[in-house]
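**Q** See entry-v3.cif below, with mmCIF, C-alpha atoms.
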```
data_data
#
loop_
_atom_site.label_atom_id
_atom_site.label_comp_id
_atom_site.auth_asym_id
_atom_site.auth_seq_id
_atom_site.Cartn_x
_atom_site.Cartn_y
_atom_site.Cartn_z
CA MET A 211 83.93 13.93 14.90
CA GLU A 212 82.61 10.81 16.65
CA GLU A 213 79.32 11.24 14.79
CA LEU A 214 81.12 11.61 11.46
CA GLY A 215 83.48 8.68 11.97
CA ASP A 216 85.09 7.51 8.71
CA GLU A 217 82.21 8.60 6.48
CA PHE A 218 82.39 10.98 3.52
CA PHE A 219 81.60 14.66 4.08
CA SER A 220 81.38 18.07 2.41
CA ILE A 221 82.82 21.36 3.55
CA LEU A 222 81.10 24.76 3.64
CA LEU A 223 83.15 27.85 4.38
CA ASP A 224 83.31 31.61 4.06
CA ASP A 225 86.00 34.17 4.82
CA TYR A 226 85.38 37.56 6.39
CA ARG A 227 87.10 40.32 8.37
CA ASP A 228 86.21 40.70 12.06
CA VAL A 229 85.96 43.94 14.07
CA SER A 230 89.68 43.82 14.83
CA THR A 231 90.36 43.67 11.04
CA LYS A 232 91.68 40.10 11.21
CA GLU A 233 90.83 37.79 8.33
CA GLN A 234 88.86 34.80 9.58
CA MET A 235 87.51 31.64 7.96
CA ALA A 236 84.33 29.99 9.27
CA VAL A 237 84.12 26.23 8.59
CA THR A 238 81.10 23.90 8.62
CA LEU A 239 80.97 20.19 7.80
CA ARG A 240 77.98 18.62 6.05
CA TYR A 241 77.43 14.86 6.06
CA VAL A 242 74.86 12.04 6.41
CA ASP A 243 74.72 10.52 9.89
CA LYS A 244 74.08 6.85 10.75
CA ARG A 245 70.30 7.46 10.77
CA GLY A 246 70.42 8.73 7.19
CA CYS A 247 69.84 12.39 8.13
CA VAL A 248 71.75 15.24 6.52
CA VAL A 249 73.65 17.06 9.28
CA GLU A 250 75.57 20.33 9.30
CA ARG A 251 78.04 20.98 12.13
CA PHE A 252 79.92 24.20 12.74
CA VAL A 253 83.55 23.19 13.27
CA GLY A 254 85.15 26.51 14.12
CA ILE A 255 86.75 29.78 13.07
CA LYS A 256 90.27 29.77 11.72
CA HIS A 257 92.46 32.86 11.47
CA VAL A 258 94.10 33.23 8.04
CA THR A 259 96.92 35.57 7.10
CA SER A 260 95.31 36.32 3.75
CA THR A 261 92.28 35.31 1.71
CA SER A 262 94.26 33.90 -1.21
CA ALA A 263 93.20 30.44 -2.35
CA LEU A 264 96.49 28.91 -1.21
CA SER A 265 96.23 30.44 2.28
CA LEU A 266 92.67 29.17 2.66
CA LYS A 267 93.70 25.68 1.52
CA ASN A 268 96.57 25.62 4.03
CA ALA A 269 94.16 26.67 6.78
CA ILE A 270 91.76 23.88 5.80
CA GLU A 271 94.59 21.33 5.85
CA ASP A 272 95.63 22.52 9.35
CA LEU A 273 92.04 22.21 10.55
CA PHE A 274 91.69 18.74 9.00
CA SER A 275 94.94 17.65 10.63
CA THR A 276 93.72 18.83 14.04
CA HIS A 277 90.54 16.74 13.74
CA ASN A 278 92.07 13.75 11.92
CA LEU A 279 90.14 14.44 8.72
CA SER A 280 91.37 13.67 5.23
CA ILE A 281 90.79 15.52 1.95
CA SER A 282 90.43 12.09 0.32
CA ARG A 283 87.06 11.69 2.14
CA LEU A 284 85.82 15.05 0.91
CA ARG A 285 82.87 14.80 -1.50
CA GLY A 286 81.70 18.40 -1.81
CA GLN A 287 82.74 22.04 -1.52
CA GLY A 288 80.30 24.90 -0.96
CA TYR A 289 81.49 28.52 -1.20
CA ASP A 290 80.39 31.86 -2.57
CA GLY A 291 81.31 33.03 -6.06
CA ALA A 292 84.44 35.04 -5.26
CA SER A 293 87.38 34.43 -7.58
CA ASN A 294 89.60 33.16 -4.76
CA MET A 295 86.95 30.53 -4.05
CA GLN A 296 85.64 29.34 -7.41
CA GLY A 297 88.46 30.41 -9.75
CA GLU A 298 88.80 27.90 -12.58
CA PHE A 299 92.60 27.57 -12.36
CA ASN A 300 93.84 28.98 -9.06
CA GLY A 301 90.68 29.11 -6.92
CA LEU A 302 90.29 27.11 -3.72
CA LYS A 303 87.89 24.67 -5.39
CA SER A 304 90.44 23.96 -8.14
CA LEU A 305 93.31 23.41 -5.70
CA ILE A 306 91.24 20.86 -3.79
CA LEU A 307 89.98 19.19 -6.99
CA GLN A 308 93.59 18.66 -8.03
CA GLU A 309 93.99 16.42 -4.98
CA ASN A 310 90.49 14.93 -4.97
CA GLU A 311 88.43 15.00 -8.16
CA CYS A 312 85.34 13.78 -6.25
CA ALA A 313 85.11 16.96 -4.14
CA TYR A 314 82.44 18.58 -6.34
CA TYR A 315 81.96 22.33 -6.04
CA VAL A 316 78.51 23.93 -5.62
CA HIS A 317 78.04 27.70 -5.66
CA CYS A 318 75.53 28.61 -2.92
CA PHE A 319 72.16 28.93 -4.72
CA ALA A 320 70.84 31.70 -2.47
CA HIS A 321 74.05 33.68 -2.96
CA GLN A 322 73.80 33.26 -6.73
CA LEU A 323 70.19 34.41 -6.67
CA GLN A 324 71.05 37.52 -4.64
CA LEU A 325 73.84 38.49 -7.06
CA VAL A 326 71.62 37.95 -10.11
CA LEU A 327 68.64 39.89 -8.76
CA VAL A 328 70.73 42.89 -7.73
CA ALA A 329 72.77 42.87 -10.95
CA LEU A 330 69.68 42.76 -13.16
CA ALA A 331 67.94 45.49 -11.19
CA LYS A 332 70.98 47.74 -11.53
CA ASN A 333 71.19 46.93 -15.24
CA HIS A 334 68.32 49.38 -15.70
CA PHE A 335 69.81 52.88 -16.05
CA HIS A 336 67.23 54.65 -13.85
CA ILE A 337 67.41 52.00 -11.12
CA ALA A 338 71.22 52.01 -11.14
CA ASP A 339 71.12 55.79 -10.72
CA PHE A 340 68.60 55.39 -7.90
CA PHE A 341 70.76 52.87 -5.99
CA ALA A 342 73.82 55.11 -6.42
CA LEU A 343 71.82 57.97 -4.87
CA VAL A 344 70.69 55.76 -1.97
CA SER A 345 74.27 54.65 -1.36
CA ASN A 346 75.46 58.27 -1.21
CA ILE A 347 72.62 59.19 1.16
CA VAL A 348 73.57 56.37 3.55
CA ASN A 349 77.25 57.38 3.42
CA VAL A 350 76.57 61.06 4.11
CA VAL A 351 74.00 60.47 6.86
CA GLY A 352 76.23 57.91 8.57
CA ALA A 353 79.48 59.82 8.16
CA SER A 354 79.74 60.91 11.82
CA CYS A 355 78.43 60.12 15.29
CA LYS A 356 76.80 63.56 15.40
CA ARG A 357 74.72 62.80 12.32
CA HIS A 358 73.77 59.41 13.75
CA ASP A 359 72.59 61.12 16.93
CA VAL A 360 70.55 63.68 14.99
CA LEU A 361 68.95 60.87 12.98
CA ARG A 362 68.06 58.84 16.09
CA GLU A 363 66.73 61.84 18.02
CA ASN A 364 64.64 62.98 15.07
CA ARG A 365 63.25 59.50 14.50
CA ALA A 366 62.41 59.10 18.20
CA ALA A 367 60.53 62.41 18.19
CA GLN A 368 58.52 61.34 15.14
CA ILE A 369 57.60 58.00 16.75
CA ILE A 370 56.39 59.78 19.92
CA LYS A 371 54.30 62.14 17.80
CA ALA A 372 52.86 59.23 15.80
CA PHE A 373 51.95 57.44 19.06
CA SER A 374 50.04 60.47 20.26
CA LEU A 375 48.06 60.55 17.00
CA ASP A 376 47.51 56.75 16.97
CA ASP A 377 49.23 56.57 13.58
CA ILE A 378 51.43 53.58 14.48
CA ALA A 379 50.95 50.48 16.61
CA SER A 380 52.97 49.68 19.70
CA GLY A 381 54.13 46.26 20.80
CA LYS A 382 57.07 44.00 21.48
CA GLY A 383 59.78 44.35 18.83
CA LEU A 384 58.12 47.33 17.13
CA ASN A 385 59.62 50.80 16.64
CA GLN A 386 63.10 49.83 17.76
CA GLU A 387 65.87 52.41 17.62
CA THR A 388 67.56 52.03 14.25
CA THR A 389 69.70 53.78 11.69
CA LEU A 390 70.48 53.49 7.99
CA SER A 391 72.59 50.53 6.93
CA ARG A 392 74.75 50.13 3.85
CA ALA A 393 73.61 47.69 1.20
CA SER A 394 75.98 45.00 -0.04
CA ASP A 395 75.57 43.08 -3.29
CA THR A 396 76.73 39.87 -1.57
CA ARG A 397 74.68 40.18 1.62
CA TRP A 398 71.20 38.64 1.56
CA GLY A 399 68.38 41.11 1.82
CA SER A 400 70.61 44.10 2.59
CA HIS A 401 69.24 46.22 -0.28
CA TYR A 402 65.68 45.50 0.83
CA GLY A 403 66.51 46.38 4.44
CA THR A 404 68.14 49.64 3.40
CA LEU A 405 65.11 50.69 1.31
CA LEU A 406 62.71 49.85 4.15
CA ARG A 407 64.67 52.12 6.46
CA VAL A 408 64.78 54.94 3.93
CA VAL A 409 60.97 54.74 3.66
CA THR A 410 60.32 54.67 7.42
CA MET A 411 62.99 57.28 8.23
CA PHE A 412 62.46 59.51 5.20
CA ASN A 413 61.70 62.72 7.12
CA SER A 414 64.51 62.07 9.59
CA VAL A 415 67.01 61.61 6.74
CA ILE A 416 65.79 64.85 5.14
CA ASP A 417 66.35 66.67 8.45
CA VAL A 418 69.89 65.28 8.80
CA LEU A 419 70.78 66.39 5.27
CA ASP A 420 69.36 69.82 6.11
CA VAL A 421 71.69 69.99 9.11
CA VAL A 422 74.67 69.04 6.93
CA VAL A 423 73.77 71.76 4.40
CA GLU A 424 73.69 74.30 7.23
CA ASP A 425 76.56 73.16 9.44
CA ALA A 426 79.05 71.14 7.33
CA SER A 427 82.65 72.30 7.68
CA SER A 428 83.39 72.37 3.95
CA SER A 429 81.55 73.71 0.92
CA ASP A 430 81.97 70.33 -0.83
CA GLN A 431 80.09 68.55 1.97
CA LYS A 432 77.35 71.19 1.88
CA LEU A 433 77.02 70.89 -1.89
CA GLU A 434 76.85 67.09 -1.78
CA ALA A 435 74.17 67.15 0.92
CA PHE A 436 72.24 69.79 -1.04
CA HIS A 437 72.15 67.64 -4.19
CA LEU A 438 71.11 64.56 -2.19
CA LEU A 439 68.39 66.57 -0.48
CA LYS A 440 67.16 67.78 -3.84
CA GLY A 441 67.28 64.30 -5.39
CA MET A 442 65.32 62.68 -2.54
CA GLN A 443 62.43 65.10 -2.92
CA PHE A 444 61.72 64.34 -6.58
CA PHE A 445 58.83 62.10 -7.64
CA ASP A 446 61.34 59.97 -9.58
CA PHE A 447 63.18 58.98 -6.38
CA VAL A 448 59.98 58.16 -4.50
CA PHE A 449 58.63 56.05 -7.37
CA ASN A 450 61.85 54.03 -7.71
CA LEU A 451 62.05 53.66 -3.92
CA HIS A 452 58.59 52.08 -3.66
CA LEU A 453 59.00 50.04 -6.85
CA MET A 454 62.23 48.41 -5.68
CA LYS A 455 60.86 47.96 -2.16
CA SER A 456 57.99 45.95 -3.67
CA VAL A 457 60.21 43.93 -6.00
CA LEU A 458 62.87 43.15 -3.40
CA GLY A 459 60.18 42.41 -0.82
CA ILE A 460 58.98 39.51 -2.96
CA THR A 461 62.46 38.19 -3.70
CA ASN A 462 63.52 38.69 -0.07
CA ASP A 463 60.78 36.27 1.00
CA LEU A 464 62.34 33.74 -1.38
CA LEU A 465 65.84 34.38 -0.03
CA GLN A 466 64.60 33.85 3.51
CA ALA A 467 62.87 30.61 2.50
CA LEU A 468 66.08 29.32 0.87
CA GLN A 469 67.97 29.82 4.14
CA ARG A 470 65.66 27.67 6.25
CA LYS A 471 67.44 24.74 7.87
CA ASP A 472 64.75 22.27 6.81
CA GLN A 473 64.83 23.40 3.18
CA ASP A 474 65.08 20.82 0.39
CA ILE A 475 65.60 21.25 -3.35
CA VAL A 476 62.03 20.28 -4.33
CA ASN A 477 60.47 22.80 -1.96
CA ALA A 478 63.04 25.41 -3.00
CA MET A 479 62.00 25.03 -6.67
CA THR A 480 58.37 25.47 -5.62
CA GLN A 481 59.31 28.63 -3.72
CA VAL A 482 60.98 30.01 -6.85
CA GLN A 483 57.81 29.37 -8.89
CA VAL A 484 55.65 31.07 -6.24
CA SER A 485 57.93 34.11 -6.27
CA LYS A 486 57.76 34.28 -10.06
CA GLN A 487 53.97 34.14 -9.92
CA ARG A 488 53.91 37.00 -7.39
CA LEU A 489 56.25 39.08 -9.57
CA GLN A 490 54.16 38.35 -12.68
CA SER A 491 50.96 39.27 -10.85
CA MET A 492 52.36 42.59 -9.70
CA ARG A 493 53.74 43.33 -13.16
CA ASP A 494 50.36 42.67 -14.78
CA SER A 495 48.04 44.31 -12.25
CA GLY A 496 50.12 46.22 -9.70
CA TRP A 497 50.43 49.60 -11.45
CA SER A 498 47.42 51.23 -9.81
CA SER A 499 48.25 50.08 -6.28
CA LEU A 500 51.88 51.14 -6.69
CA MET A 501 50.84 54.60 -7.91
CA ASP A 502 48.39 54.95 -5.00
CA GLU A 503 51.18 54.13 -2.54
CA VAL A 504 53.64 56.50 -4.22
CA SER A 505 51.10 59.34 -4.45
CA ALA A 506 50.13 58.97 -0.78
CA PHE A 507 53.79 59.05 0.26
CA CYS A 508 54.38 62.17 -1.84
CA ARG A 509 51.38 63.93 -0.26
CA ASP A 510 52.57 63.07 3.24
CA ASN A 511 56.03 64.44 2.49
CA ASN A 512 55.06 67.52 0.41
CA ILE A 513 56.56 66.17 -2.82
CA ASP A 514 55.02 67.27 -6.12
CA VAL A 515 53.33 64.54 -8.16
CA PRO A 516 53.54 65.36 -11.89
CA SER A 517 50.55 65.10 -14.19
CA MET A 518 50.73 61.58 -15.59
CA GLU A 519 49.45 62.81 -18.98
CA SER A 520 52.21 65.41 -19.42
CA LEU A 521 55.13 64.89 -21.81
CA TYR A 522 58.03 63.10 -20.15
CA VAL A 523 61.50 64.64 -20.42
CA ALA A 524 64.34 62.95 -18.57
CA GLN A 525 66.39 65.13 -16.24
CA GLY A 526 69.72 66.06 -17.74
CA ARG A 527 68.57 65.20 -21.28
CA SER A 528 68.01 67.59 -24.16
CA ARG A 529 64.33 68.44 -24.70
CA HIS A 530 64.64 68.55 -28.50
CA ARG A 531 65.94 64.95 -28.44
CA ALA A 532 63.22 63.70 -26.10
CA HIS A 533 61.00 60.88 -27.30
CA GLU A 534 57.30 61.75 -27.49
CA LYS A 535 55.88 59.81 -24.54
CA ILE A 536 53.80 60.77 -21.55
CA ILE A 537 54.96 60.45 -17.94
CA SER A 538 52.69 57.52 -17.05
CA HIS A 539 53.99 55.56 -20.07
CA HIS A 540 57.60 56.11 -18.97
CA TYR A 541 57.11 54.96 -15.37
CA HIS A 542 54.69 52.15 -16.18
CA PHE A 543 56.35 50.54 -19.19
CA LYS A 544 59.92 51.86 -19.37
CA VAL A 545 60.66 51.49 -15.67
CA MET A 546 58.22 49.24 -13.79
CA ASN A 547 57.57 46.62 -16.48
CA MET A 548 61.20 46.48 -17.56
CA VAL A 549 62.36 45.93 -13.97
CA PHE A 550 59.82 43.12 -13.47
CA ASN A 551 60.70 41.53 -16.82
CA ARG A 552 64.36 41.34 -15.90
CA GLN A 553 63.67 39.93 -12.45
CA LEU A 554 61.37 37.28 -13.95
#
```
So that I can check it, write out the structure of this file as C-alpha cells.

**A**
Amino acid sequence: MEELGDEFFSILLDDYRDVSTKEQMAVTLRYVDKRGCVVERFVGIKHVTSTSALSLKNAIEDLFSTHNLSISRLRGQGYDGASNMQGEFNGLKSLILQENECAYYVHCFAHQLQLVLVALAKNHFHIADFFALVSNIVNVVGASCKRHDVLRENRAAQIIKAFSLDDIASGKGLNQETTLSRASDTRWGSHYGTLLRVVTMFNSVIDVLDVVVEDASSSDQKLEAFHLLKGMQFFDFVFNLHLMKSVLGITNDLLQALQRKDQDIVNAMTQVQVSKQRLQSMRDSGWSSLMDEVSAFCRDNNIDVPSMESLYVAQGRSRHRAHEKIISHHYHFKVMNMVFNRQL
C-alpha cells in the first residue's frame, strides 16, 4: 500500500471453492510504480458467502476499506467471462462501472483463448463425441480409491518393465506417480494434460476398466465400463486422441507463453502468429506423421488399423445412407483438416 500510495490502480480477481467447500475470492492489484514499472501485488483471499455479483462487490468494498483504497481510483477490472463477473446489467463489472465509469473491464485474453479453442474443437461432432468418451473414462477410472490404487500399481509395474527394456529414460522429475485428471473448459491446458495422461497410461486404464467389468457391484457399472473399454480400443478413438494431443500441444505452448510474468501485448501477438503458423504447417503437411504415430500406437496396443482405401461407414449410421468416401478421406479431410481449420 505504501508503494501504491494515491496512484490509480486496477483490480484482478477470481472466485473459487476451497477444499472445505468455502467460497473464496483471490484479489490482486495491478498498478504502475514510481519507476514506471507495471507491478502486480497479491493482496489476499477474502471469504464470500456467495458468488453473486453483489456479494463480490461487497467483499471488494470491505477489502478496500481495510486498506484505505477507493473505488474512485480504480481504472481497470480484470476477470474471467462468467456471467456474475462480466454480466452486462447485473455483473460485477457493471456494478462497479455504475460508481466509476473509468474502471474499464478486460476479459482475460488467455482465458478467452482457452474457451474458444475448446469450444471450436468440440463443435466438430466426432471430436465432441471423443471428449465425452474421455470424460466418462476419467470418471469411471477415478470413481473409487480402489480403482486409483489399481491404476497406480499397474502404471508402476509398466514403468519398471520399461526400465528393464531401456524403453524409457530415467531422471529427475521423470516418471512421477500420477493418475488421470478431469478436464475443465475454464482451466488452462487441462484438456491437453488429460490427453497426455490417457496416452501414457493407456494400458493401465484398459486394465482398470477390465477390473470394473469383472468386479463391479452393479450390472450398470459393468455395462458402462464394457462400452468404454470397447470404445477405447477402436482406431477412431486412437486417431482422435493423437490428433487432439497434437493440436492442443501447439495451443498449450501459446497458453503457457501468455501466462509469463514478463509478457507484453506485442510479444503476445507474435506468439499467436507463431502458433497459427505451426497449426497451418501441421494441417498442410502433418497427415503422414500423424498416421505413422497413430499406426505405431495401434500396433503396440493390439488395435486393428483399418485399410485406408476401404469405404468409410460411420458407427451407428445406416450403411445405405453412407456417403461414398474412403476411410483415409474421412480422417484426413473430414476430421483432421476441419479441426485445424476451426482452430486457425

**Q** I want to know what sits within 9 Å of Val242 (chain A), based on all atoms listed in the file, with residues of the same chain fewer than 6 positions away left out; could you give that as a list in words?

**A**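 So, after excluding close chain neighbours, the residues are Leu214, Glu217, Phe218, Phe219, Val248, Val249 and Glu250 of chain A.
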
**Q** Have a look at CA of Gln296 (chain A) and CA of Val316 (chain A) and let me know their distance in Å, one decimal.

**A** 9.1 Å

**Q** With all atoms listed in the file as the basis for distance, which of A:Leu323, A:Cys508, A:Ile513, A:Cys247 is at the shortest distance from Glu213 (chain A)?

**A**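 With all atoms listed in the file as the atom set, the closest residue is A:Cys247.
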
**Q** Name the residues that the PyMOL selection byres ((chain A and resi 328) around 12) pulls out of this structure, and write them as a count of residues only.

**A** 34

**Q** Can you pull out the residues contacting Asn268 (chain A)? Cut-off 12 Å, using only C-alpha atoms, and skip same-chain residues under 4 positions away; I want them as a list in words.

**A**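 Counting only the stated atoms, we get Met235, Lys256, His257, Val258, Thr259, Ser260, Thr261, Ser262, Ala263, Leu264, Asp272, Leu273, Phe274, Ser275, Ile281, Leu302, Leu305 and Ile306 of chain A.
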
**Q** Nearest to Gln443 (chain A): which of A:Asp224, A:Asp502, A:Asp420, A:Asp514 is it, counting all atoms listed in the file?

**A**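 Looking only at the distances to Gln443 (chain A), the closest residue turns out to be A:Asp514.
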
**Q** What is the distance between CA of Ala236 (chain A) and CA of Ile255 (chain A), in Å to one decimal?

**A**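 These atoms are spaced 4.5 Å apart.
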
**Q** With all atoms listed in the file as the basis for distance, which of A:Ala320, A:Gly297, A:Gly496, A:Glu519 is at the shortest distance from Gln473 (chain A)?

**A**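 Nearest to Gln473 (chain A): A:Ala320.
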
**Q** One decimal, Å: what's the distance from CA of His317 (chain A) over to CA of Leu223 (chain A), could you say?

**A**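 So the two atoms, CA of His317 (chain A) and CA of Leu223 (chain A), lie 11.3 Å apart.
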
**Q** Running the PyMOL selection byres ((chain A and resi 494) around 12) on this model by hand, what would come out? Give it as a list in words.

**A**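 What the PyMOL selection byres ((chain A and resi 494) around 12) grabs from the file is Gln487, Arg488, Leu489, Gln490, Ser491, Met492, Arg493, Ser495, Gly496, Trp497, Ser498, Ser499, Leu500, His542, Phe543, Met546, Asn547, Met548, Phe550 and Asn551 of chain A.
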
**Q** Give the answer as one residue: which of A:Phe447, A:Phe507, A:Tyr522, A:Tyr241 has the shortest atom-to-atom distance to Asp339 (chain A), using only C-alpha atoms?

**A**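 Nearest to Asp339 (chain A): A:Phe447.
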
**Q** Exactly which residues make up the result of the PyMOL selection byres ((chain A and resi 408) around 12) on this file, given as a ChimeraX atom specification?

**A** /A:341,343-345,347-348,351,361,365,388-393,401-407,409-416,442,447-448,451-452,454-455

**Q** Find the residue from A:Ala435, A:Leu266, A:Asp216, A:Cys318 that sits nearest to Leu465 (chain A); use all atoms listed in the file when measuring.

**A** A:Cys318
